[in-house]
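Listing of upload.cif; format and content: mmCIF, C-alpha atoms.
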```
data_data
#
loop_
_atom_site.label_atom_id
_atom_site.label_comp_id
_atom_site.auth_asym_id
_atom_site.auth_seq_id
_atom_site.Cartn_x
_atom_site.Cartn_y
_atom_site.Cartn_z
CA MET A 1 53.29 15.47 55.76
CA ARG A 2 51.03 14.65 58.66
CA GLY A 3 52.54 12.70 61.52
CA THR A 4 51.79 9.16 62.61
CA GLN A 5 48.42 8.81 64.33
CA THR A 6 48.30 6.62 67.42
CA ALA A 7 45.53 4.19 68.28
CA ALA A 8 44.92 4.82 71.97
CA ALA A 9 41.31 5.72 71.28
CA ILE A 10 40.79 2.42 69.49
CA THR A 11 41.85 0.40 72.52
CA ALA A 12 39.30 2.23 74.61
CA VAL A 13 36.58 1.45 72.09
CA LEU A 14 37.56 -2.21 72.02
CA ALA A 15 37.40 -2.36 75.81
CA ALA A 16 33.73 -1.53 75.58
CA MET A 17 33.08 -4.26 73.02
CA ALA A 18 31.90 -6.90 75.48
CA VAL A 19 31.17 -9.60 72.95
CA LEU A 20 29.46 -12.67 74.38
CA PRO A 21 31.26 -15.92 73.53
CA ALA A 22 29.66 -17.68 70.57
CA PRO A 23 29.95 -21.34 69.70
CA ALA A 24 32.89 -21.56 67.32
CA ARG A 25 33.14 -23.93 64.42
CA ALA A 26 36.16 -26.10 65.15
CA ASP A 27 37.06 -26.13 61.47
CA GLY A 28 35.50 -25.30 58.12
CA SER A 29 34.62 -28.88 57.21
CA GLY A 30 30.92 -28.06 57.00
CA LEU A 31 31.39 -25.41 54.33
CA PRO A 32 30.68 -26.18 50.65
CA GLY A 33 33.69 -27.06 48.52
CA VAL A 34 34.63 -25.82 45.08
CA THR A 35 37.32 -27.19 42.79
CA ALA A 36 39.95 -25.40 40.75
CA THR A 37 40.00 -25.61 36.96
CA THR A 38 43.77 -25.45 36.64
CA GLU A 39 46.96 -24.57 38.46
CA THR A 40 50.27 -22.90 37.68
CA PRO A 41 53.62 -24.73 37.64
CA ALA A 42 55.01 -25.50 41.09
CA LEU A 43 57.42 -23.04 42.67
CA HIS A 44 60.15 -24.19 45.03
CA GLY A 45 61.63 -22.18 47.88
CA ASP A 46 65.07 -23.81 47.82
CA ASP A 47 68.25 -22.71 46.05
CA ALA A 48 67.55 -25.03 43.13
CA GLY A 49 64.15 -23.37 42.70
CA GLY A 50 65.54 -19.85 42.94
CA ASN A 51 63.96 -19.35 46.38
CA ALA A 52 60.61 -18.91 44.67
CA ASP A 53 57.56 -19.08 46.92
CA ALA A 54 54.07 -18.33 45.59
CA ASP A 55 52.40 -15.57 47.58
CA ASP A 56 49.96 -13.02 46.14
CA PRO A 57 48.15 -12.80 42.75
CA ALA A 58 46.40 -10.05 40.78
CA ILE A 59 44.17 -10.51 37.71
CA TRP A 60 44.64 -8.15 34.75
CA ARG A 61 41.86 -8.07 32.15
CA ASN A 62 42.74 -7.38 28.53
CA ALA A 63 39.68 -5.38 27.51
CA ALA A 64 40.44 -5.69 23.79
CA ASP A 65 41.03 -9.45 23.97
CA PRO A 66 39.74 -10.98 27.26
CA ASP A 67 41.17 -14.40 26.29
CA ALA A 68 44.62 -12.78 26.51
CA SER A 69 44.14 -11.61 30.10
CA LEU A 70 46.90 -12.32 32.60
CA VAL A 71 47.54 -13.31 36.19
CA ILE A 72 50.45 -11.43 37.76
CA ALA A 73 51.81 -13.01 40.92
CA THR A 74 54.62 -12.58 43.43
CA ALA A 75 57.12 -15.35 44.14
CA LYS A 76 59.04 -13.72 47.02
CA GLY A 77 62.77 -14.41 46.44
CA GLY A 78 61.82 -15.68 42.98
CA GLY A 79 60.55 -12.25 41.94
CA LEU A 80 57.43 -11.91 39.80
CA ARG A 81 55.60 -14.41 37.58
CA VAL A 82 53.12 -13.71 34.79
CA TYR A 83 50.68 -16.44 33.70
CA ASP A 84 48.09 -16.75 30.96
CA LEU A 85 44.57 -18.01 31.70
CA ALA A 86 45.68 -21.60 31.09
CA GLY A 87 48.12 -21.23 33.99
CA LYS A 88 51.14 -21.23 31.69
CA GLU A 89 54.05 -18.99 32.65
CA VAL A 90 54.65 -16.28 30.04
CA GLN A 91 57.17 -14.13 31.90
CA SER A 92 59.46 -14.34 34.92
CA ILE A 93 61.00 -11.21 36.42
CA PRO A 94 63.79 -11.70 38.97
CA ALA A 95 63.88 -9.75 42.21
CA PRO A 96 66.66 -7.13 42.40
CA PRO A 97 70.04 -8.32 43.72
CA ALA A 98 71.41 -7.25 47.09
CA PRO A 99 73.24 -3.90 46.96
CA GLY A 100 76.15 -5.34 48.97
CA PRO A 101 77.52 -8.72 50.06
CA ASP A 102 75.99 -8.47 53.53
CA ASP A 103 72.68 -6.92 52.43
CA LYS A 104 69.28 -8.40 51.66
CA PRO A 105 68.27 -9.06 48.06
CA GLY A 106 64.87 -8.14 46.67
CA ARG A 107 61.86 -10.17 47.84
CA PHE A 108 58.48 -9.53 46.22
CA ASN A 109 55.61 -9.94 48.63
CA ASN A 110 52.30 -8.49 47.35
CA VAL A 111 50.97 -7.12 44.07
CA ASP A 112 48.04 -4.94 43.02
CA LEU A 113 47.01 -3.09 39.86
CA ILE A 114 46.24 0.49 38.83
CA SER A 115 44.39 1.16 35.56
CA GLY A 116 44.99 4.18 33.38
CA PHE A 117 48.10 5.47 35.14
CA PRO A 118 49.60 8.52 33.35
CA LEU A 119 52.93 7.77 31.65
CA PRO A 120 54.77 9.86 29.03
CA THR A 121 53.67 7.40 26.34
CA GLY A 122 50.04 7.71 27.43
CA ARG A 123 47.87 6.13 30.07
CA ALA A 124 48.63 2.51 30.87
CA ASP A 125 47.76 -0.16 33.38
CA VAL A 126 50.53 -0.85 35.89
CA ALA A 127 51.32 -3.52 38.44
CA VAL A 128 52.60 -2.32 41.82
CA VAL A 129 54.68 -4.68 43.95
CA THR A 130 56.04 -4.50 47.50
CA ASP A 131 59.74 -5.35 47.56
CA ARG A 132 60.18 -6.29 51.19
CA GLY A 133 63.81 -7.24 50.66
CA ARG A 134 64.89 -3.79 49.46
CA ASP A 135 62.21 -1.60 51.14
CA HIS A 136 60.75 -0.24 47.91
CA LEU A 137 57.71 -0.34 45.70
CA ARG A 138 58.32 -1.67 42.19
CA ILE A 139 56.08 -0.53 39.34
CA TYR A 140 55.64 -2.39 36.02
CA ARG A 141 53.87 -1.14 32.90
CA ILE A 142 51.57 -3.74 31.32
CA THR A 143 51.70 -3.89 27.51
CA PRO A 144 48.79 -5.87 26.01
CA GLY A 145 49.81 -8.57 23.55
CA ALA A 146 53.55 -8.24 24.14
CA ALA A 147 55.69 -11.36 24.40
CA ARG A 148 57.02 -9.93 27.67
CA PRO A 149 54.03 -7.91 28.88
CA LEU A 150 55.59 -6.35 31.99
CA ALA A 151 58.31 -3.70 31.89
CA ASP A 152 59.89 -2.05 34.93
CA VAL A 153 59.16 1.70 35.05
CA THR A 154 60.27 2.28 38.67
CA ASP A 155 62.26 5.43 39.29
CA PRO A 156 65.80 4.25 40.22
CA ASN A 157 65.85 7.05 42.79
CA ALA A 158 62.55 6.08 44.42
CA PRO A 159 62.82 6.41 48.21
CA ARG A 160 62.76 3.62 50.74
CA VAL A 161 59.30 3.18 52.20
CA PHE A 162 60.01 2.65 55.91
CA SER A 163 63.79 2.60 56.47
CA THR A 164 66.36 5.38 56.60
CA THR A 165 69.52 3.26 56.41
CA GLN A 166 70.58 0.00 54.77
CA ASP A 167 71.04 -1.53 58.22
CA GLU A 168 67.36 -0.87 58.89
CA VAL A 169 66.49 -2.44 55.53
CA ASN A 170 68.45 -5.53 56.52
CA ASP A 171 66.33 -5.84 59.67
CA GLN A 172 63.39 -6.36 57.25
CA ALA A 173 60.72 -4.21 58.93
CA THR A 174 59.88 -3.33 55.35
CA PRO A 175 56.89 -3.21 52.92
CA TYR A 176 54.65 -6.26 53.25
CA GLY A 177 50.96 -6.04 52.32
CA LEU A 178 49.60 -3.75 49.61
CA ALA A 179 46.36 -2.27 48.29
CA THR A 180 46.11 0.33 45.51
CA TRP A 181 43.31 2.80 44.81
CA LYS A 182 42.55 5.87 42.72
CA ASP A 183 40.90 9.08 43.91
CA LYS A 184 38.15 9.67 41.37
CA ALA A 185 37.93 13.37 42.23
CA THR A 186 41.60 14.15 41.61
CA GLY A 187 42.72 11.24 39.43
CA ARG A 188 45.65 10.62 41.78
CA SER A 189 46.77 7.06 42.47
CA TYR A 190 47.73 5.69 45.86
CA ALA A 191 49.08 2.59 47.53
CA VAL A 192 48.46 1.62 51.14
CA VAL A 193 51.42 -0.43 52.36
CA SER A 194 51.78 -2.36 55.60
CA GLN A 195 55.07 -2.74 57.45
CA ARG A 196 56.36 -6.24 58.16
CA SER A 197 56.54 -7.17 61.87
CA ARG A 198 54.84 -3.89 62.83
CA THR A 199 51.27 -2.56 62.95
CA ARG A 200 52.02 0.48 60.77
CA LEU A 201 50.22 1.34 57.54
CA ALA A 202 51.60 3.95 55.13
CA LEU A 203 49.73 5.91 52.45
CA LEU A 204 51.91 6.52 49.39
CA GLU A 205 51.01 8.67 46.38
CA LEU A 206 52.37 7.38 43.07
CA ARG A 207 53.77 9.99 40.70
CA THR A 208 55.44 10.17 37.29
CA THR A 209 58.86 11.84 37.18
CA ALA A 210 60.10 14.23 34.51
CA ALA A 211 62.17 11.35 33.14
CA GLY A 212 59.02 9.26 32.70
CA ALA A 213 59.60 6.80 35.55
CA VAL A 214 57.23 6.20 38.48
CA THR A 215 58.06 7.18 42.04
CA TYR A 216 56.04 7.79 45.19
CA ARG A 217 55.86 9.99 48.27
CA ARG A 218 54.60 9.20 51.73
CA VAL A 219 51.45 11.10 52.67
CA ARG A 220 50.80 9.77 56.19
CA THR A 221 51.00 6.70 58.37
CA TYR A 222 48.66 5.04 60.85
CA ASP A 223 49.45 2.54 63.60
CA LEU A 224 46.87 -0.13 64.36
CA PRO A 225 46.77 -1.44 67.95
CA ALA A 226 49.32 -3.96 69.16
CA SER A 227 47.47 -4.86 72.37
CA PHE A 228 43.81 -5.03 73.31
CA THR A 229 41.67 -4.68 76.41
CA LEU A 230 39.41 -7.71 76.74
CA PRO A 231 35.84 -7.66 78.07
CA ASN A 232 37.08 -8.97 81.43
CA GLY A 233 39.34 -5.94 81.79
CA THR A 234 42.63 -7.72 81.14
CA SER A 235 45.09 -6.73 78.43
CA TRP A 236 45.93 -9.13 75.61
CA THR A 237 48.78 -8.99 73.12
CA PRO A 238 48.96 -11.59 70.33
CA CYS A 239 51.95 -13.90 70.65
CA THR A 240 54.56 -13.24 67.96
CA ASP A 241 58.25 -13.80 67.42
CA PRO A 242 60.34 -11.82 69.95
CA GLY A 243 60.49 -8.14 69.01
CA ASP A 244 57.67 -8.39 66.47
CA LEU A 245 54.21 -6.81 66.62
CA PRO A 246 50.97 -8.24 65.13
CA GLN A 247 51.41 -7.39 61.44
CA VAL A 248 49.01 -6.75 58.57
CA GLU A 249 49.35 -8.36 55.14
CA GLY A 250 46.10 -8.93 53.25
CA MET A 251 44.47 -5.63 52.21
CA VAL A 252 41.97 -4.37 49.64
CA VAL A 253 40.24 -1.04 48.95
CA ASP A 254 36.57 -0.84 47.96
CA PRO A 255 36.55 1.86 45.24
CA ALA A 256 32.84 2.56 45.75
CA ASN A 257 33.43 4.14 49.15
CA ARG A 258 37.23 4.34 49.48
CA MET A 259 37.20 1.97 52.45
CA LEU A 260 40.31 -0.07 53.21
CA TYR A 261 39.99 -3.58 54.63
CA ALA A 262 43.14 -4.75 56.38
CA GLY A 263 43.76 -8.21 57.81
CA GLN A 264 45.81 -8.07 61.00
CA GLU A 265 46.93 -11.67 60.90
CA ASP A 266 46.47 -12.70 64.55
CA VAL A 267 43.65 -10.26 65.34
CA GLY A 268 41.01 -9.93 62.60
CA ILE A 269 39.78 -7.66 59.80
CA TRP A 270 39.78 -3.87 60.17
CA ARG A 271 37.81 -1.35 58.10
CA LEU A 272 39.08 2.23 57.84
CA PRO A 273 39.23 5.07 55.29
CA ALA A 274 41.71 4.33 52.52
CA ASP A 275 43.38 7.71 53.04
CA LEU A 276 44.16 6.64 56.64
CA GLY A 277 42.37 9.76 57.80
CA GLY A 278 39.87 8.14 60.18
CA LYS A 279 39.53 5.59 62.95
CA PRO A 280 39.29 1.90 62.12
CA LYS A 281 36.60 -0.59 63.11
CA LEU A 282 37.27 -4.25 63.77
CA ILE A 283 34.56 -5.99 61.72
CA ASP A 284 35.51 -9.55 62.68
CA LYS A 285 37.99 -11.32 64.93
CA VAL A 286 39.91 -14.54 64.56
CA ARG A 287 38.88 -17.41 66.83
CA GLU A 288 42.18 -17.08 68.66
CA TYR A 289 41.50 -13.46 69.65
CA GLY A 290 42.15 -13.06 73.38
CA VAL A 291 43.79 -16.47 73.85
CA PRO A 292 46.90 -16.12 76.04
CA ALA A 293 50.05 -17.64 74.57
CA THR A 294 53.74 -17.79 75.41
CA TYR A 295 56.62 -17.95 72.96
CA ASP A 296 58.71 -21.13 73.39
CA GLU A 297 62.30 -20.44 72.34
CA ALA A 298 63.10 -24.15 72.03
CA THR A 299 60.39 -24.84 69.46
CA GLU A 300 60.13 -21.25 68.16
CA GLU A 301 56.36 -21.61 68.48
CA CYS A 302 53.66 -19.93 70.55
CA VAL A 303 52.10 -22.20 73.18
CA ALA A 304 48.44 -21.30 73.72
CA GLY A 305 46.61 -21.30 77.03
CA ALA A 306 42.91 -21.65 77.78
CA ASP A 307 40.51 -19.93 75.38
CA PRO A 308 38.45 -17.29 77.23
CA GLY A 309 35.90 -17.24 74.39
CA TYR A 310 36.31 -13.68 73.12
CA GLY A 311 37.19 -14.59 69.53
CA GLY A 312 35.09 -14.78 66.41
CA THR A 313 33.60 -17.85 64.74
CA HIS A 314 34.49 -17.49 61.05
CA LEU A 315 38.25 -16.89 60.85
CA SER A 316 41.19 -18.91 62.10
CA ALA A 317 44.55 -17.15 62.30
CA ASP A 318 46.18 -16.11 60.20
CA VAL A 319 43.84 -13.78 58.33
CA GLU A 320 45.51 -13.55 54.95
CA GLY A 321 44.56 -12.49 51.40
CA LEU A 322 41.62 -10.08 51.13
CA THR A 323 39.90 -9.42 47.81
CA LEU A 324 36.67 -7.76 46.68
CA LEU A 325 34.01 -9.61 44.66
CA ASP A 326 32.24 -6.69 42.98
CA GLU A 327 28.67 -7.46 41.87
CA GLY A 328 27.92 -3.85 40.86
CA ASP A 329 25.88 -1.07 42.46
CA GLY A 330 27.74 -1.49 45.74
CA ASP A 331 26.76 -5.16 46.07
CA GLY A 332 29.19 -8.02 46.48
CA TYR A 333 31.48 -9.65 48.98
CA LEU A 334 34.73 -9.10 50.81
CA LEU A 335 36.53 -12.45 50.62
CA ALA A 336 39.16 -13.39 53.21
CA SER A 337 41.51 -16.34 53.45
CA SER A 338 41.17 -18.06 56.83
CA GLN A 339 44.57 -19.67 56.71
CA GLY A 340 44.32 -21.59 59.97
CA ASP A 341 41.48 -23.85 58.76
CA ASN A 342 41.99 -23.65 54.97
CA THR A 343 38.69 -21.88 54.30
CA PHE A 344 37.50 -18.62 52.78
CA ALA A 345 35.02 -16.28 54.50
CA ALA A 346 32.65 -13.93 52.65
CA TYR A 347 31.40 -10.68 54.18
CA ASP A 348 28.75 -8.28 52.91
CA ARG A 349 30.47 -5.50 51.00
CA GLU A 350 28.01 -2.87 52.23
CA VAL A 351 29.20 -0.79 55.17
CA SER A 352 25.58 0.08 56.00
CA ASP A 353 25.04 -3.60 56.79
CA GLY A 354 28.10 -3.68 59.02
CA ASN A 355 30.05 -5.92 56.64
CA GLU A 356 28.27 -8.83 58.26
CA TYR A 357 29.42 -12.38 57.60
CA GLU A 358 27.45 -14.02 54.80
CA SER A 359 28.93 -17.43 54.08
CA GLY A 360 32.10 -19.31 53.25
CA PHE A 361 33.65 -22.08 51.18
CA ARG A 362 36.67 -24.31 50.77
CA ILE A 363 38.76 -25.06 47.67
CA THR A 364 39.00 -28.84 47.55
CA ALA A 365 40.74 -31.42 45.39
CA GLY A 366 39.33 -32.19 41.97
CA THR A 367 41.17 -32.19 38.66
CA VAL A 368 43.97 -30.52 40.61
CA ASP A 369 44.53 -30.42 44.38
CA GLY A 370 42.85 -27.80 46.57
CA SER A 371 44.25 -24.78 48.39
CA GLU A 372 45.77 -25.02 51.85
CA GLU A 373 47.45 -22.39 54.03
CA CYS A 374 46.44 -19.75 51.49
CA ASP A 375 48.50 -16.55 51.60
CA GLY A 376 46.79 -14.47 48.93
CA GLY A 377 43.85 -14.30 46.56
CA ALA A 378 42.37 -12.15 43.81
CA VAL A 379 38.92 -12.18 42.24
CA LEU A 380 37.58 -10.51 39.09
CA ASN A 381 33.88 -10.56 38.28
CA ALA A 382 34.16 -9.85 34.55
CA PRO A 383 34.17 -11.99 31.40
CA LEU A 384 37.61 -13.42 30.73
CA GLY A 385 37.15 -15.00 27.35
CA SER A 386 36.22 -18.57 26.63
CA ARG A 387 37.96 -20.07 29.64
CA TYR A 388 36.29 -17.94 32.31
CA PRO A 389 33.23 -16.18 30.86
CA ASN A 390 31.83 -15.76 34.38
CA GLY A 391 34.99 -14.37 35.97
CA LEU A 392 37.86 -15.87 37.94
CA LEU A 393 39.18 -16.42 41.46
CA VAL A 394 42.93 -17.05 41.83
CA VAL A 395 44.33 -18.23 45.16
CA GLN A 396 47.74 -19.21 46.44
CA ASP A 397 48.20 -22.82 47.56
CA GLY A 398 50.71 -22.91 50.40
CA HIS A 399 50.97 -26.70 50.38
CA ASN A 400 50.81 -27.86 46.80
CA THR A 401 50.64 -31.61 46.24
CA PRO A 402 51.94 -34.06 45.38
CA ASP A 403 55.08 -33.46 47.43
CA GLU A 404 58.37 -33.35 45.57
CA THR A 405 61.76 -34.41 46.90
CA ASP A 406 65.30 -33.35 46.13
CA GLY A 407 68.25 -35.61 45.35
CA ASP A 408 68.67 -36.43 49.03
CA GLY A 409 65.05 -37.45 49.48
CA GLU A 410 64.13 -34.27 51.38
CA ILE A 411 60.70 -32.77 50.69
CA ARG A 412 60.96 -29.48 48.79
CA ASP A 413 58.80 -26.46 49.52
CA ASN A 414 56.09 -26.62 46.88
CA THR A 415 53.63 -23.78 46.25
CA ASP A 416 51.54 -22.57 43.32
CA PHE A 417 48.33 -20.74 42.32
CA LYS A 418 44.90 -22.28 41.69
CA PHE A 419 42.42 -20.86 39.14
CA VAL A 420 38.75 -21.26 40.09
CA ASP A 421 35.76 -20.50 37.85
CA LEU A 422 33.94 -17.68 39.66
CA ARG A 423 30.58 -19.27 38.89
CA LYS A 424 31.51 -22.12 41.25
CA VAL A 425 32.35 -19.63 44.00
CA THR A 426 29.14 -17.65 43.72
CA GLY A 427 27.18 -20.90 43.62
CA ALA A 428 28.86 -22.05 46.83
CA LEU A 429 28.17 -18.73 48.52
CA ASP A 430 24.50 -18.97 47.58
CA GLU A 431 24.44 -22.57 48.87
CA ASP A 432 25.89 -21.65 52.24
CA ASP A 433 23.88 -18.42 52.62
#
```
Transcribe the structure of this file into structure tokens.
Amino acid sequence: MRGTQTAAAITAVLAAMAVLPAPARADGSGLPGVTATTETPALHGDDAGGNADADDPAIWRNAADPDASLVIATAKGGGLRVYDLAGKEVQSIPAPPAPGPDDKPGRFNNVDLISGFPLPTGRADVAVVTDRGRDHLRIYRITPGAARPLADVTDPNAPRVFSTTQDEVNDQATPYGLATWKDKATGRSYAVVSQRSRTRLALLELRTTAAGAVTYRRVRTYDLPASFTLPNGTSWTPCTDPGDLPQVEGMVVDPANRMLYAGQEDVGIWRLPADLGGKPKLIDKVREYGVPATYDEATEECVAGADPGYGGTHLSADVEGLTLLDEGDGDGYLLASSQGDNTFAAYDREVSDGNEYESGFRITAGTVDGSEECDGGAVLNAPLGSRYPNGLLVVQDGHNTPDETDGDGEIRDNTDFKFVDLRKVTGALDEDD
């Protein structure tokens, strides 16, 4: 196992990036809007709702029957949800219980897919999930056409990802974001996992055990920067909760070139080799990049100072779900959720073009409400039966409406997933280009 690589060289590179301030769009109101076709049932993050909170989706295509394709999505304390293309729930998988009375229970954060993974019964598609509550990956075999299409095939002896003791697990510096990829040369499958409240990324190789379960081993780790030298020579560290570092959640790997795109929430989008074997490049920054801020213990919020103008113009913190719109032959877009202004940014997929910003869009109210404070998204540019013959975009809605109240009149946390016809998205991108 190779040791953790530090990022001192990156800070030096960033110090030389004297980017002239550009006029920033105050919000994304000028971007074209698209509407969702349908939405999933609301999830509620209270005890009555099973502490379910919509977070990150993945789209699985049933090649034999595209109409029977599925959306697999995390619900944090509520575990995993599986939906059909009408948005109807077809399966609910609870998160694992806490191992002890004072320990953390399972909490499913992000999900991604691997096709053709070798299992004793033959190759199968699997869903990989970060369990941030228990510091594990969970792996589920997908069985086409089954009444309960997902089955847990995780090795019960699979190691913790980041922690060495249960006390460390309970501190919750555990698996957060996730991106899977397959090495075409070797056929081996990997997951890149980010660590909550830290800047660390870990490369894990997924393996099948002799008993037929799926486990993983850590190959290497890489630490992204936690502080940055600004063009004026000063040092800037994003404001976070005390003791935390600027974390990464949204991630995706481009299989055409094995490049990982990682969204450091308060910083911007990085590009680096998916095997974590090379230096990263910051392809875009959030508008808040370089803005000094102080944590206020009374409000538990960061209070921002004057903006020195070193940030970008297309993203507003947090940078969240990243997903790849593949148009074939290396063409397409990297889509990113700009959570701070409820928009989505589209970047050129081609590294040779510097992953330059192309356009953006919003998901606005129509038959159903739009998407706000989006945590995660997934896109698939492939025919999905009669409902989505042009492909599908699924996004999390962090503020689903209308609001719902409990028996005491208190507003309940209300989240869900929106399904958007991909033809609308590509039309909006062409419009804003």
Rank A:Leu322, A:Gly360, A:Tyr140, A:Arg412 by their smallest atom-to-atom distance to A:Val395, using all atoms listed in the file, and report the top residue only.
->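 Closest to A:Val395, using all atoms listed in the file: A:Leu322.
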Nearest residue to A:Arg141 from the set A:Leu80, A:Ile93, A:Ala63, A:Val214 (distances using only C-alpha atoms) |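 Looking at the shortest contact to A:Arg141, the residue is A:Val214.
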Interface rows for stretch 298-336 of chain A against stretch 236-247 of chain A: nearest pair, Å to one decimal, 12 Å, all atoms listed in the file, as a Markdown table:
```
| residue | atom | partner | partner_atom | distance |
| --- | --- | --- | --- | --- |
| A:Thr299 | CA | A:Asp241 | CA | 11.4 |
| A:Glu300 | CA | A:Asp241 | CA | 7.7 |
| A:Glu301 | CA | A:Asp241 | CA | 8.1 |
| A:Cys302 | CA | A:Cys239 | CA | 6.3 |
| A:Val303 | CA | A:Cys239 | CA | 8.7 |
| A:Ala304 | CA | A:Cys239 | CA | 8.7 |
| A:Gly305 | CA | A:Cys239 | CA | 11.1 |
| A:Pro308 | CA | A:Trp236 | CA | 11.2 |
| A:Tyr310 | CA | A:Trp236 | CA | 10.9 |
| A:Gly311 | CA | A:Trp236 | CA | 12.0 |
| A:Ala317 | CA | A:Pro238 | CA | 10.7 |
| A:Asp318 | CA | A:Gln247 | CA | 10.2 |
| A:Val319 | CA | A:Gln247 | CA | 10.4 |
| A:Glu320 | CA | A:Gln247 | CA | 10.7 |
```
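Pairwise distance (atom CA of A:Thr221, atom CA of A:Lys104) equals 24.6 Å.
Here atom CA of A:Phe361 is placed at a distance of 29.5 Å from atom CA of A:Gln195.
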Report the residues retrieved by the PyMOL selection byres ((chain A and resi 65) around 12) from the displayed file, expressed as a PyMOL selection string.
-> chain A and resi 60-64+66-70+144-145+383-386
Any idea what the distance is between atom CA of A:Ala382 and atom CA of A:Glu350?
->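 For atom CA of A:Ala382 relative to atom CA of A:Glu350, the distance reads 20.0 Å.
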Expected selection from the PyMOL selection byres ((chain A and resi 330) around 8), given as a PyMOL selection string | chain A and resi 256+326-329+331-332+349-350
